[in-house]
Structure formats: structure tokens, C-alpha cells
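Asks: Have a look at this one before I ask anything.
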Amino acid sequence: MTRDVETIPPEASLQQAAAAMEALGVGSLPVCDGKRLVGAITDRDIVVRGVAAGISPMDGLVSDCMTEDIVYAFCDEEADEVLERMKTLQIRRLAVLDRDKTLAGIISLGDIATEPRAAALGTVGAAVAEISEPSRPRK
């Protein structure tokens, strides 16, 4: 997993979030109120939930467009459990929390695939295929 992840507070502007993503070369940021994870925001959230809805990137807040109910893993979970959750939910990354529910990092499908024990799991390729399976558009 990637530790020391940059976060953004819910009261930051959408422009600040977009600038942080651009500077870091990422497409999503965990949203934290202090040390507590309260959601996540993606570049797509900013465009679809914000700009397309007429919210100004300068005036709109991260809390206006973020996803609040995000899925996460715990630090002590086994890689195969995390991979199965990612596969089932068709997601490529998860926030990782310690048992006090403090953000510890982010794990991506790539992190699991490059883990030395991943070959023993034998399911990384299948997970990539299932995660990449197109889902039906929401109307």
C-alpha cells in the first residue's frame, strides 16, 4: 500500500482539490476531517457532480461533490480478502484504515499485483478482468 497519502479537507474548494490532484499526478484524494476519513473525491466527481451541475470550482466545496460512503480495508486484512472486495465492487483502489479507523494509506490493484505473494494468490488476473468489465450506466 502507499503510506503517507495526501488528503484534502471537506471544506477545501473544488479548485484546490483539482490542483492537488494535478500536482500529485493522481485522480482521487481521500477526504479527511483531521485524521478521520470522511470520504473520497475524484477528478470525475469534480466534473460530473460539480462543474456539470453548475457549481463553481472556486466556490464549490469538496463536501459538495465527494463520495461519503466509501469502501475501505483494514491494515491487517489479507491481500486475498481485499482483492475479492475490489473484484466484487469493481474498484481499483481502497483506503486502508488502522483498527482505530485512522487513514493508514491507499492500496491499489497494482500494489497487490506487484506483491511477491500475489502469484500465489492466482486471482490477480481474474480480478483485473472482472474489475474492468463494463458496468451498466446509471440513468
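Ordering of the C-alpha cells sets the chain letters (A, B, ...); residue numbers start at 1 within each chain; ligands are numbered from 1 in the order shown.
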Can you list every residue of stretch 22-47 of chain A that has an atom at most 12 Å from stretch 55-60 of chain A, with its nearest atom pair and the distance in Å to one decimal, using only C-alpha atoms, ordered by chain then number, as a Markdown table?

Replies:
| residue | atom | partner | partner_atom | distance |
| --- | --- | --- | --- | --- |
| A:Asp43 | CA | A:Pro57 | CA | 11.6 |
| A:Asp45 | CA | A:Pro57 | CA | 11.6 |
| A:Ile46 | CA | A:Pro57 | CA | 7.9 |
| A:Val47 | CA | A:Pro57 | CA | 9.1 |

Asks: Grab the residues selected above and save them as a short mmCIF file (atom, residue, chain, number, x, y, z; two decimals), in the first residue's frame with C-alpha atoms.

Replies:
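Below you can see part-v5.cif, which holds the result:
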data_model
loop_
_atom_site.label_atom_id
_atom_site.label_comp_id
_atom_site.auth_asym_id
_atom_site.auth_seq_id
_atom_site.Cartn_x
_atom_site.Cartn_y
_atom_site.Cartn_z
CA ASP A 43 -11.45 14.23 -10.74
CA ASP A 45 -16.64 13.81 -9.15
CA ILE A 46 -15.44 17.38 -9.62
CA VAL A 47 -16.50 17.41 -13.27
#

Asks: I'd like the neighbourhood of A:Pro30 as JSON, numbers by chain, where a residue qualifies if any of its atoms comes within 10 Å (using only C-alpha atoms), though same-chain residues fewer than 5 positions away should be ignored.

Replies: {"A": [5, 6, 7, 8, 9, 10, 37, 38, 39, 40, 41, 42, 66, 67, 70, 94, 95, 103, 105, 106]}

Asks: Record the distance separating atom CA of A:Asp64 and atom CA of A:Arg49, expressed in Å with one decimal.

Replies: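 Separating atom CA of A:Asp64 from atom CA of A:Arg49 is a distance of 8.1 Å.
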
Asks: What does the distance from atom CA of A:Ala18 to atom CA of A:Val96 come to in Å, to one decimal?

Replies: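 Answer for the atom CA of A:Ala18 to atom CA of A:Val96 separation: 22.3 Å.
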
Asks: Atom CA of A:Asp111 and atom CA of A:Val26, how far apart in Å?

Replies: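 We find that atom CA of A:Val26 and atom CA of A:Asp111 lie 15.0 Å from each other.
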
Asks: Per DSSP on the backbone, filter chain A down to the residues in strand (DSSP E or B) and report them as number ranges by chain.

Replies: A: 2, 8, 13, 28-33, 36-42, 61, 67, 72-74, 93-97, 102-108
